[in-house]
$ cat final03.pdb   # PDB, C-alpha atoms and all ligand atoms
ATOM      1  CA  MET A   1      -0.773  11.285 -19.945  1.00  0.00           C
ATOM      2  CA  ARG A   2      -3.844  10.492 -17.857  1.00  0.00           C
ATOM      3  CA  VAL A   3      -3.426   9.368 -14.254  1.00  0.00           C
ATOM      4  CA  VAL A   4      -6.064   7.670 -12.123  1.00  0.00           C
ATOM      5  CA  LEU A   5      -6.036   8.462  -8.409  1.00  0.00           C
ATOM      6  CA  ALA A   6      -7.703   6.439  -5.673  1.00  0.00           C
ATOM      7  CA  CYS A   7      -7.539   6.066  -1.905  1.00  0.00           C
ATOM      8  CA  ASP A   8      -9.288   4.818   1.184  1.00  0.00           C
ATOM      9  CA  HIS A   9     -10.030   7.009   4.201  1.00  0.00           C
ATOM     10  CA  GLY A  10      -6.454   6.514   5.465  1.00  0.00           C
ATOM     11  CA  GLY A  11      -5.023   7.971   2.267  1.00  0.00           C
ATOM     12  CA  PHE A  12      -7.616  10.628   1.543  1.00  0.00           C
ATOM     13  CA  LYS A  13      -5.535  13.659   2.567  1.00  0.00           C
ATOM     14  CA  LEU A  14      -2.515  12.490   0.614  1.00  0.00           C
ATOM     15  CA  LYS A  15      -4.571  11.701  -2.486  1.00  0.00           C
ATOM     16  CA  SER A  16      -6.051  15.226  -2.293  1.00  0.00           C
ATOM     17  CA  GLU A  17      -2.562  16.759  -2.124  1.00  0.00           C
ATOM     18  CA  ILE A  18      -1.405  14.685  -5.085  1.00  0.00           C
ATOM     19  CA  LEU A  19      -4.515  15.571  -7.082  1.00  0.00           C
ATOM     20  CA  ASP A  20      -3.968  19.310  -6.447  1.00  0.00           C
ATOM     21  CA  TYR A  21      -0.306  18.964  -7.373  1.00  0.00           C
ATOM     22  CA  LEU A  22      -0.924  17.076 -10.616  1.00  0.00           C
ATOM     23  CA  THR A  23      -3.828  19.185 -11.825  1.00  0.00           C
ATOM     24  CA  GLY A  24      -1.760  22.281 -10.954  1.00  0.00           C
ATOM     25  CA  ASN A  25       0.890  20.875 -13.286  1.00  0.00           C
ATOM     26  CA  LYS A  26      -1.686  20.318 -16.030  1.00  0.00           C
ATOM     27  CA  ILE A  27      -1.661  16.542 -15.760  1.00  0.00           C
ATOM     28  CA  ASP A  28      -5.002  15.023 -16.656  1.00  0.00           C
ATOM     29  CA  CYS A  29      -6.375  13.108 -13.641  1.00  0.00           C
ATOM     30  CA  LEU A  30      -9.299  10.793 -13.012  1.00  0.00           C
ATOM     31  CA  ASP A  31     -10.274  10.670  -9.324  1.00  0.00           C
ATOM     32  CA  VAL A  32     -12.198   7.475  -8.535  1.00  0.00           C
ATOM     33  CA  GLY A  33     -12.549   8.148  -4.804  1.00  0.00           C
ATOM     34  CA  THR A  34     -12.997   7.804  -1.992  1.00  0.00           C
ATOM     35  CA  TYR A  35     -13.948  11.418  -1.432  1.00  0.00           C
ATOM     36  CA  SER A  36     -13.831  11.822   2.361  1.00  0.00           C
ATOM     37  CA  GLU A  37     -12.282  10.429   5.537  1.00  0.00           C
ATOM     38  CA  GLU A  38     -15.307   8.272   6.234  1.00  0.00           C
ATOM     39  CA  SER A  39     -14.206   4.680   6.689  1.00  0.00           C
ATOM     40  CA  VAL A  40     -14.305   2.512   3.552  1.00  0.00           C
ATOM     41  CA  ASP A  41     -12.718  -0.760   2.424  1.00  0.00           C
ATOM     42  CA  TYR A  42      -9.508  -0.155   0.483  1.00  0.00           C
ATOM     43  CA  PRO A  43      -9.923  -3.049  -2.011  1.00  0.00           C
ATOM     44  CA  ASP A  44     -13.034  -1.361  -3.438  1.00  0.00           C
ATOM     45  CA  TYR A  45     -11.061   1.729  -4.459  1.00  0.00           C
ATOM     46  CA  SER A  46      -7.908  -0.070  -5.387  1.00  0.00           C
ATOM     47  CA  VAL A  47      -9.785  -2.140  -7.949  1.00  0.00           C
ATOM     48  CA  LYS A  48     -11.431   0.968  -9.445  1.00  0.00           C
ATOM     49  CA  ALA A  49      -8.007   2.448 -10.148  1.00  0.00           C
ATOM     50  CA  ALA A  50      -6.663  -0.875 -11.420  1.00  0.00           C
ATOM     51  CA  GLN A  51      -9.559  -1.249 -13.857  1.00  0.00           C
ATOM     52  CA  ALA A  52      -9.021   2.276 -15.190  1.00  0.00           C
ATOM     53  CA  VAL A  53      -5.433   1.294 -16.016  1.00  0.00           C
ATOM     54  CA  VAL A  54      -6.049  -2.156 -17.537  1.00  0.00           C
ATOM     55  CA  SER A  55      -8.939  -0.801 -19.639  1.00  0.00           C
ATOM     56  CA  GLY A  56      -6.600   1.814 -21.124  1.00  0.00           C
ATOM     57  CA  GLU A  57      -8.720   4.689 -19.798  1.00  0.00           C
ATOM     58  CA  CYS A  58      -5.665   5.864 -17.878  1.00  0.00           C
ATOM     59  CA  ASP A  59      -1.942   5.335 -18.467  1.00  0.00           C
ATOM     60  CA  LEU A  60      -0.823   5.106 -14.859  1.00  0.00           C
ATOM     61  CA  GLY A  61      -2.368   5.028 -11.390  1.00  0.00           C
ATOM     62  CA  ILE A  62      -1.584   6.289  -7.909  1.00  0.00           C
ATOM     63  CA  ILE A  63      -3.356   4.793  -4.900  1.00  0.00           C
ATOM     64  CA  CYS A  64      -3.018   5.881  -1.284  1.00  0.00           C
ATOM     65  CA  CYS A  65      -4.018   4.213   1.966  1.00  0.00           C
ATOM     66  CA  GLY A  66      -2.617   4.369   5.475  1.00  0.00           C
ATOM     67  CA  THR A  67       0.440   2.279   4.687  1.00  0.00           C
ATOM     68  CA  GLY A  68       0.200   1.758   0.926  1.00  0.00           C
ATOM     69  CA  ILE A  69       0.252  -1.984   1.570  1.00  0.00           C
ATOM     70  CA  GLY A  70      -3.403  -2.971   1.375  1.00  0.00           C
ATOM     71  CA  VAL A  71      -4.062  -1.058  -1.834  1.00  0.00           C
ATOM     72  CA  SER A  72      -0.935  -2.562  -3.382  1.00  0.00           C
ATOM     73  CA  ILE A  73      -1.937  -6.132  -2.519  1.00  0.00           C
ATOM     74  CA  ALA A  74      -5.448  -5.570  -3.883  1.00  0.00           C
ATOM     75  CA  ALA A  75      -4.352  -3.848  -7.113  1.00  0.00           C
ATOM     76  CA  ASN A  76      -1.872  -6.617  -7.854  1.00  0.00           C
ATOM     77  CA  LYS A  77      -4.742  -9.131  -7.957  1.00  0.00           C
ATOM     78  CA  VAL A  78      -6.032  -7.485 -11.133  1.00  0.00           C
ATOM     79  CA  PRO A  79      -4.446  -9.134 -14.202  1.00  0.00           C
ATOM     80  CA  GLY A  80      -2.178  -6.708 -16.021  1.00  0.00           C
ATOM     81  CA  ILE A  81      -1.462  -4.594 -12.961  1.00  0.00           C
ATOM     82  CA  ARG A  82       2.047  -4.160 -11.618  1.00  0.00           C
ATOM     83  CA  ALA A  83       1.583  -2.034  -8.509  1.00  0.00           C
ATOM     84  CA  ALA A  84       4.647  -0.881  -6.607  1.00  0.00           C
ATOM     85  CA  LEU A  85       4.701   0.453  -3.054  1.00  0.00           C
ATOM     86  CA  CYS A  86       7.487   3.044  -3.037  1.00  0.00           C
ATOM     87  CA  HIS A  87       8.482   5.311  -0.202  1.00  0.00           C
ATOM     88  CA  ASP A  88      11.665   6.616  -1.804  1.00  0.00           C
ATOM     89  CA  THR A  89      12.367   8.229  -5.168  1.00  0.00           C
ATOM     90  CA  PHE A  90      14.944   5.636  -6.276  1.00  0.00           C
ATOM     91  CA  SER A  91      12.451   2.791  -5.926  1.00  0.00           C
ATOM     92  CA  ALA A  92       9.791   4.819  -7.724  1.00  0.00           C
ATOM     93  CA  ARG A  93      12.104   5.375 -10.698  1.00  0.00           C
ATOM     94  CA  MET A  94      13.236   1.756 -10.740  1.00  0.00           C
ATOM     95  CA  ALA A  95       9.650   0.537 -10.523  1.00  0.00           C
ATOM     96  CA  ARG A  96       8.991   2.222 -13.869  1.00  0.00           C
ATOM     97  CA  GLU A  97      12.352   1.589 -15.546  1.00  0.00           C
ATOM     98  CA  HIS A  98      12.847  -2.057 -14.593  1.00  0.00           C
ATOM     99  CA  ASN A  99       9.424  -3.399 -13.606  1.00  0.00           C
ATOM    100  CA  ASP A 100       7.161  -1.364 -15.880  1.00  0.00           C
ATOM    101  CA  ALA A 101       5.008  -0.677 -12.825  1.00  0.00           C
ATOM    102  CA  ASN A 102       1.716   0.879 -13.849  1.00  0.00           C
ATOM    103  CA  ILE A 103       0.494   1.798 -10.378  1.00  0.00           C
ATOM    104  CA  LEU A 104       2.318   3.567  -7.555  1.00  0.00           C
ATOM    105  CA  THR A 105       1.027   3.059  -4.034  1.00  0.00           C
ATOM    106  CA  LEU A 106       1.800   5.318  -1.082  1.00  0.00           C
ATOM    107  CA  GLY A 107       1.117   5.326   2.644  1.00  0.00           C
ATOM    108  CA  GLN A 108      -0.161   8.567   4.112  1.00  0.00           C
ATOM    109  CA  ARG A 109       0.741   7.399   7.627  1.00  0.00           C
ATOM    110  CA  VAL A 110       4.290   6.543   6.578  1.00  0.00           C
ATOM    111  CA  ILE A 111       5.633   9.554   4.677  1.00  0.00           C
ATOM    112  CA  GLY A 112       4.923  13.276   4.515  1.00  0.00           C
ATOM    113  CA  PRO A 113       3.430  15.066   1.517  1.00  0.00           C
ATOM    114  CA  GLY A 114       6.720  16.670   0.424  1.00  0.00           C
ATOM    115  CA  LEU A 115       8.469  13.352  -0.093  1.00  0.00           C
ATOM    116  CA  ALA A 116       5.297  11.818  -1.531  1.00  0.00           C
ATOM    117  CA  LEU A 117       5.167  14.469  -4.267  1.00  0.00           C
ATOM    118  CA  ASP A 118       8.848  13.889  -5.118  1.00  0.00           C
ATOM    119  CA  ILE A 119       8.080  10.167  -5.396  1.00  0.00           C
ATOM    120  CA  VAL A 120       5.108  10.889  -7.645  1.00  0.00           C
ATOM    121  CA  ASP A 121       7.354  13.023  -9.879  1.00  0.00           C
ATOM    122  CA  ALA A 122      10.003  10.315 -10.072  1.00  0.00           C
ATOM    123  CA  PHE A 123       7.402   7.701 -10.963  1.00  0.00           C
ATOM    124  CA  LEU A 124       5.633   9.743 -13.633  1.00  0.00           C
ATOM    125  CA  ARG A 125       8.819  11.018 -15.272  1.00  0.00           C
ATOM    126  CA  ALA A 126      10.504   7.642 -15.611  1.00  0.00           C
ATOM    127  CA  GLY A 127       9.831   5.245 -18.467  1.00  0.00           C
ATOM    128  CA  PHE A 128      10.187   1.513 -18.903  1.00  0.00           C
ATOM    129  CA  GLN A 129      13.546   0.436 -20.309  1.00  0.00           C
ATOM    130  CA  ALA A 130      11.892  -1.681 -22.966  1.00  0.00           C
ATOM    131  CA  GLY A 131      13.779  -4.460 -24.702  1.00  0.00           C
ATOM    132  CA  GLY A 132      16.335  -6.817 -23.273  1.00  0.00           C
ATOM    133  CA  ARG A 133      16.278  -8.333 -19.835  1.00  0.00           C
ATOM    134  CA  HIS A 134      13.631  -6.112 -18.263  1.00  0.00           C
ATOM    135  CA  CYS A 135      11.145  -6.926 -20.993  1.00  0.00           C
ATOM    136  CA  ARG A 136      11.867 -10.642 -20.655  1.00  0.00           C
ATOM    137  CA  ARG A 137      11.289 -10.521 -16.899  1.00  0.00           C
ATOM    138  CA  VAL A 138       8.058  -8.557 -17.130  1.00  0.00           C
ATOM    139  CA  GLU A 139       6.854 -10.991 -19.805  1.00  0.00           C
ATOM    140  CA  LYS A 140       7.566 -13.837 -17.388  1.00  0.00           C
ATOM    141  CA  ILE A 141       5.317 -12.158 -14.838  1.00  0.00           C
ATOM    142  CA  ALA A 142       2.567 -11.923 -17.462  1.00  0.00           C
ATOM    143  CA  GLU A 143       3.042 -15.622 -18.287  1.00  0.00           C
ATOM    144  CA  LEU A 144       2.826 -16.487 -14.594  1.00  0.00           C
ATOM    145  CA  GLU A 145      -0.390 -14.516 -14.368  1.00  0.00           C
ATOM    146  CA  LYS A 146      -1.848 -16.428 -17.336  1.00  0.00           C
ATOM    147  CA  ARG A 147      -0.932 -19.756 -15.746  1.00  0.00           C
ATOM    148  CA  THR A 148      -2.237 -18.953 -12.287  1.00  0.00           C
ATOM    149  CA  CYS A 149      -5.281 -16.725 -12.946  1.00  0.00           C
ATOM    150  CA  PRO A 150      -8.093 -18.702 -14.598  1.00  0.00           C
TER     151      PRO A 150
HETATM  152  C1  LIG A 201      -7.146   1.678   7.304  1.00  0.00           C
HETATM  153  O1  LIG A 201      -7.224   1.850   8.669  1.00  0.00           O
HETATM  154  C2  LIG A 201      -5.825   1.052   6.921  1.00  0.00           C
HETATM  155  O2  LIG A 201      -5.819  -0.299   7.325  1.00  0.00           O
HETATM  156  C3  LIG A 201      -5.597   1.154   5.445  1.00  0.00           C
HETATM  157  O3  LIG A 201      -5.600   2.489   5.087  1.00  0.00           O
HETATM  158  C4  LIG A 201      -4.304   0.586   4.919  1.00  0.00           C
HETATM  159  O4  LIG A 201      -3.217   1.044   5.631  1.00  0.00           O
HETATM  160  C5  LIG A 201      -4.285  -0.859   4.692  1.00  0.00           C
HETATM  161  O5  LIG A 201      -3.309  -1.431   4.201  1.00  0.00           O
END

$ encode --input "final03.pdb" --output "structure tokens"
Amino acid sequence: MRVVLACDHGGFKLKSEILDYLTGNKIDCLDVGTYSEESVDYPDYSVKAAQAVVSGECDLGIICCGTGIGVSIAANKVPGIRAALCHDTFSARMAREHNDANILTLGQRVIGPGLALDIVDAFLRAGFQAGGRHCRRVEKIAELEKRTCP
């Protein structure tokens, strides 16, 4: 599994902790920035991670900002992305199992690194419950995207 990581300045410390954690656990990571706490615009980095996922370069993505909100909104504008802002492990697991979320977003100013790493684990370990109602619902989202995104 290859995971793309991205952040803005408000999520830089958390992204660094997640990167250390994942590489320490031998998970292949692609870090698309930003690389410091110098102020940047979160959509620029959110879209880099989103493109790495929709292109197939990476399987899943994790994006951090101050709240996790801005990067989630931006990533969800990229067709094919289902980004989920999760600040608890149950939601992170459900985001994969029910929604086939392909990006997890986190807020560095909202939760501490210990919980964030548990959430990352829950997200990466879970899999989509393919077939049946969840598949139908995710397909409806894809149809909606086709209708509304020229
Ligand atoms: C940056 O100050 C902050 O607005 C950003 O990290 C994020 O929280 C936006 O949603």

$ atom_distance --input "final03.pdb" --atom1 "atom O1 of ligand LIG 201 (chain A)" --atom2 "atom CA of A:Met94"
28.2 Å

$ closest_residue --input "final03.pdb" --among "A:Ser72, A:Asn99, A:Ser16, A:Thr67" --to "A:Lys140" --atoms "all atoms listed in the file"
A:Asn99

$ atom_distance --input "final03.pdb" --atom1 "atom CA of A:Lys48" --atom2 "atom CA of A:His87"
22.4 Å

$ resolve_selection --input "final03.pdb" --expression "the PyMOL selection byres (((chain A and resi 96) around 10) and not hetatm)" --output "PDB file with C-alpha atoms, keeping the file's coordinate frame"
ATOM      1  CA  ARG A  82       2.047  -4.160 -11.618  1.00  0.00           C
ATOM      2  CA  ALA A  84       4.647  -0.881  -6.607  1.00  0.00           C
ATOM      3  CA  SER A  91      12.451   2.791  -5.926  1.00  0.00           C
ATOM      4  CA  ALA A  92       9.791   4.819  -7.724  1.00  0.00           C
ATOM      5  CA  ARG A  93      12.104   5.375 -10.698  1.00  0.00           C
ATOM      6  CA  MET A  94      13.236   1.756 -10.740  1.00  0.00           C
ATOM      7  CA  ALA A  95       9.650   0.537 -10.523  1.00  0.00           C
ATOM      8  CA  GLU A  97      12.352   1.589 -15.546  1.00  0.00           C
ATOM      9  CA  HIS A  98      12.847  -2.057 -14.593  1.00  0.00           C
ATOM     10  CA  ASN A  99       9.424  -3.399 -13.606  1.00  0.00           C
ATOM     11  CA  ASP A 100       7.161  -1.364 -15.880  1.00  0.00           C
ATOM     12  CA  ALA A 101       5.008  -0.677 -12.825  1.00  0.00           C
ATOM     13  CA  ASN A 102       1.716   0.879 -13.849  1.00  0.00           C
ATOM     14  CA  ILE A 103       0.494   1.798 -10.378  1.00  0.00           C
ATOM     15  CA  LEU A 104       2.318   3.567  -7.555  1.00  0.00           C
ATOM     16  CA  ALA A 122      10.003  10.315 -10.072  1.00  0.00           C
ATOM     17  CA  PHE A 123       7.402   7.701 -10.963  1.00  0.00           C
ATOM     18  CA  LEU A 124       5.633   9.743 -13.633  1.00  0.00           C
ATOM     19  CA  ARG A 125       8.819  11.018 -15.272  1.00  0.00           C
ATOM     20  CA  ALA A 126      10.504   7.642 -15.611  1.00  0.00           C
ATOM     21  CA  GLY A 127       9.831   5.245 -18.467  1.00  0.00           C
ATOM     22  CA  PHE A 128      10.187   1.513 -18.903  1.00  0.00           C
ATOM     23  CA  GLN A 129      13.546   0.436 -20.309  1.00  0.00           C
TER      24      GLN A 129
END

$ residues_near_ligand --input "final03.pdb" --ligand "ligand LIG 201 (chain A)" --cutoff "12 Å" --atoms "all atoms listed in the file" --output "ChimeraX atom specification"
/A:6-15,34,37-46,63-75,85,105-110

$ closest_residue --input "final03.pdb" --among "A:Ser55, A:Met1, A:Ile119, A:Ala142" --to "A:Thr23" --atoms "all atoms listed in the file"
A:Met1

$ atom_distance --input "final03.pdb" --atom1 "atom CA of A:Leu117" --atom2 "atom CA of A:Arg2"
16.8 Å

$ closest_residue --input "final03.pdb" --among "A:Leu144, A:Leu60, A:Asp118, A:Glu139" --to "A:Tyr21" --atoms "only C-alpha atoms"
A:Asp118

$ axis_aligned_box --input "final03.pdb" --around "stretch 101-116 of chain A" --padding-each-side "6 Å" --output "lines of an AutoDock Vina configuration file"
center_x = 4.2
center_y = 8.0
center_z = -3.1
size_x = 20.6
size_y = 29.3
size_z = 33.5

$ residues_around --input "final03.pdb" --residues "A:Pro79" --least-positions-apart "5" --cutoff "8 Å" --atoms "all atoms listed in the file" --output "NGL selection string"
:A and (54 or 145 or 149)

$ resolve_selection --input "final03.pdb" --expression "the PyMOL selection byres (((chain A and resi 29) around 9) and not hetatm)" --output "PyMOL selection string"
chain A and resi 1-5+19+22-23+26-28+30-31+58

$ closest_residue --input "final03.pdb" --among "A:Val78, A:Ile18, A:Gly33, A:Lys146" --to "A:Asp121" --atoms "all atoms listed in the file"
A:Ile18

$ decode --input "final03.pdb" --residues "stretch 109-146 of chain A" --atoms "C-alpha atoms" --output "PDB file, in the first residue's frame"
ATOM      1  CA  ARG A 109      -5.421  21.991  16.267  1.00  0.00           C
ATOM      2  CA  VAL A 110      -8.284  19.676  17.199  1.00  0.00           C
ATOM      3  CA  ILE A 111      -6.723  16.396  18.337  1.00  0.00           C
ATOM      4  CA  GLY A 112      -3.400  15.252  19.762  1.00  0.00           C
ATOM      5  CA  PRO A 113      -0.913  13.034  17.940  1.00  0.00           C
ATOM      6  CA  GLY A 114      -1.717   9.903  19.975  1.00  0.00           C
ATOM      7  CA  LEU A 115      -5.355   9.839  18.928  1.00  0.00           C
ATOM      8  CA  ALA A 116      -4.438  10.926  15.399  1.00  0.00           C
ATOM      9  CA  LEU A 117      -2.170   7.891  14.975  1.00  0.00           C
ATOM     10  CA  ASP A 118      -4.916   5.558  16.252  1.00  0.00           C
ATOM     11  CA  ILE A 119      -7.274   7.121  13.699  1.00  0.00           C
ATOM     12  CA  VAL A 120      -4.706   6.640  10.945  1.00  0.00           C
ATOM     13  CA  ASP A 121      -4.377   2.965  11.935  1.00  0.00           C
ATOM     14  CA  ALA A 122      -8.137   2.463  11.928  1.00  0.00           C
ATOM     15  CA  PHE A 123      -8.442   4.082   8.510  1.00  0.00           C
ATOM     16  CA  LEU A 124      -5.603   2.165   6.868  1.00  0.00           C
ATOM     17  CA  ARG A 125      -6.565  -1.212   8.328  1.00  0.00           C
ATOM     18  CA  ALA A 126     -10.217  -1.084   7.327  1.00  0.00           C
ATOM     19  CA  GLY A 127     -11.479  -2.057   3.890  1.00  0.00           C
ATOM     20  CA  PHE A 128     -14.553  -1.189   1.878  1.00  0.00           C
ATOM     21  CA  GLN A 129     -17.446  -3.600   2.361  1.00  0.00           C
ATOM     22  CA  ALA A 130     -17.878  -4.019  -1.369  1.00  0.00           C
ATOM     23  CA  GLY A 131     -21.125  -5.297  -2.826  1.00  0.00           C
ATOM     24  CA  GLY A 132     -24.642  -4.628  -1.680  1.00  0.00           C
ATOM     25  CA  ARG A 133     -25.955  -1.376  -0.329  1.00  0.00           C
ATOM     26  CA  HIS A 134     -22.644   0.373   0.297  1.00  0.00           C
ATOM     27  CA  CYS A 135     -21.541  -0.159  -3.280  1.00  0.00           C
ATOM     28  CA  ARG A 136     -24.877   1.113  -4.584  1.00  0.00           C
ATOM     29  CA  ARG A 137     -24.615   4.270  -2.480  1.00  0.00           C
ATOM     30  CA  VAL A 138     -21.034   5.019  -3.463  1.00  0.00           C
ATOM     31  CA  GLU A 139     -21.996   4.474  -7.110  1.00  0.00           C
ATOM     32  CA  LYS A 140     -24.768   7.036  -6.654  1.00  0.00           C
ATOM     33  CA  ILE A 141     -22.179   9.538  -5.463  1.00  0.00           C
ATOM     34  CA  ALA A 142     -20.107   8.833  -8.580  1.00  0.00           C
ATOM     35  CA  GLU A 143     -23.211   9.327 -10.752  1.00  0.00           C
ATOM     36  CA  LEU A 144     -23.934  12.615  -8.992  1.00  0.00           C
ATOM     37  CA  GLU A 145     -20.382  13.708  -9.674  1.00  0.00           C
ATOM     38  CA  LYS A 146     -20.766  12.873 -13.382  1.00  0.00           C
TER      39      LYS A 146
END
